[in-house]
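A.B. asks: Provided herewith is a single structure, encoded as structure tokens, for subsequent inquiry.
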Amino acid sequence: MFIDILKGFIVGICASAPVGPIAILVVQKSLSKGHKAGFVAGMGACVVDTVFSIIAIFALAFVQQFFDDYQLLLTVAGGLIVCILGLSMTLSDPFRKMRADGKYSVSATDFVQALIMGLSNPGAIFVIFALFAFFGLGDEPNDWRVAPVVLAVSAGSACYWFLVSWALSRFRNKFKINTILWISRITGAIVVVIGLALFGQGLFRMIFHGEPLL
């Protein structure tokens, strides 16, 4: 069991490591609002990884069939959601929320943005599936014995985002406010491009391959 828990912890780290919309969001939050905001956003990603891990253990066959049936719809809808969140990142000014004492407030929005962004990315769940298969997890009977593995995945993800947000926040003092604001806008624009790419891929398959949306 200890080996499986260790594997789960590594899965949590590996699932968080790829650079994607959530990683870019954490970069933006950590640089513009500090370590706490970046970590709160990372915890949104942690919840997503935990949910996907539970699905990977208990409902792998069902989810695979669901994605096969609605892959195009998920790609188009996910692309739109990521694009909208990217626009929100680009157009927002985090410095307006600075409190009178010069510190930045951490809001539930930081968590919710990462949560929605993670759940709207259909590729993320396949990363979890691949990692579970690679490490040989999920082969045991689907009972309470898998709970420590799921918690280990969550812990690995949380540790990763804590360290990343802390490291990034150390660089905040090296930048002027205008520089951080532009970094915030550029990272938001990158997320918009990712969303448009997903959305465009779905439209391409609909128009040129004749695939039905539903």
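As shown in the structure tokens, the chain order sets the letters A, B, ...; within each chain, residues go from 1, and ligands are also counted from 1 in the order they appear.
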Excluding region 83-94 of chain A and any residue of its chain fewer than 4 positions from it, enumerate the residues within 6 Å of it, using only C-alpha atoms, and give them as a ChimeraX atom specification.

C.D. replies: /A:185,188-189,191-192,195

A.B. asks: From a DSSP pass on the backbone, collect the residues of region 6-209 of chain A flagged as helix (DSSP H, G or I) and hand them back as JSON, numbers by chain.

C.D. replies: {"A": [6, 7, 8, 9, 10, 11, 12, 13, 14, 15, 16, 21, 22, 23, 24, 25, 26, 27, 28, 29, 30, 31, 32, 33, 35, 36, 37, 38, 39, 40, 41, 42, 43, 44, 45, 46, 47, 48, 49, 50, 51, 52, 53, 54, 55, 56, 57, 58, 60, 61, 62, 63, 64, 65, 66, 67, 68, 69, 70, 71, 72, 73, 74, 75, 76, 77, 78, 79, 80, 81, 82, 83, 84, 85, 86, 87, 88, 89, 90, 91, 94, 95, 96, 97, 108, 109, 110, 111, 112, 113, 114, 115, 116, 117, 118, 119, 122, 123, 124, 125, 126, 127, 128, 129, 130, 131, 132, 133, 134, 144, 145, 146, 147, 148, 149, 150, 151, 152, 153, 154, 155, 156, 157, 158, 159, 160, 161, 162, 163, 164, 165, 166, 167, 168, 169, 172, 173, 174, 177, 178, 179, 180, 181, 182, 183, 184, 185, 186, 187, 188, 189, 190, 191, 192, 193, 194, 195, 196, 197, 198, 199, 200, 201, 202, 203, 204, 205, 206, 207, 208]}

A.B. asks: Mind pulling up the distance from CA of Pro21 (chain A) to CA of His209 (chain A)?

C.D. replies: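 One can read the CA of His209 (chain A) to CA of Pro21 (chain A) distance as 27.3 Å.
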
A.B. asks: Which residue, A:Ile207, A:Gly200, A:Leu213, A:Gly118, has the smallest gap to Ala45 (chain A) when you use only C-alpha atoms?

C.D. replies: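 With only C-alpha atoms as the atom set, the closest residue is A:Gly118.
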
A.B. asks: Please tabulate, as a tab-separated table, the residues of region 23-93 of chain A that come within 10 Å of region 9-19 of chain A, each with its closest pair of atoms and the distance in Å to one decimal, counting only C-alpha atoms and ordering rows by chain, then residue number upward.

C.D. replies:
residue	atom	partner	partner_atom	distance
A:Ala23	CA	A:Val19	CA	5.6
A:Ile24	CA	A:Val19	CA	7.2
A:Gly42	CA	A:Ser16	CA	9.0
A:Ala45	CA	A:Ser16	CA	7.7
A:Cys46	CA	A:Ser16	CA	8.0
A:Asp49	CA	A:Gly12	CA	7.2
A:Thr50	CA	A:Gly12	CA	8.4
A:Ser53	CA	A:Gly12	CA	9.1
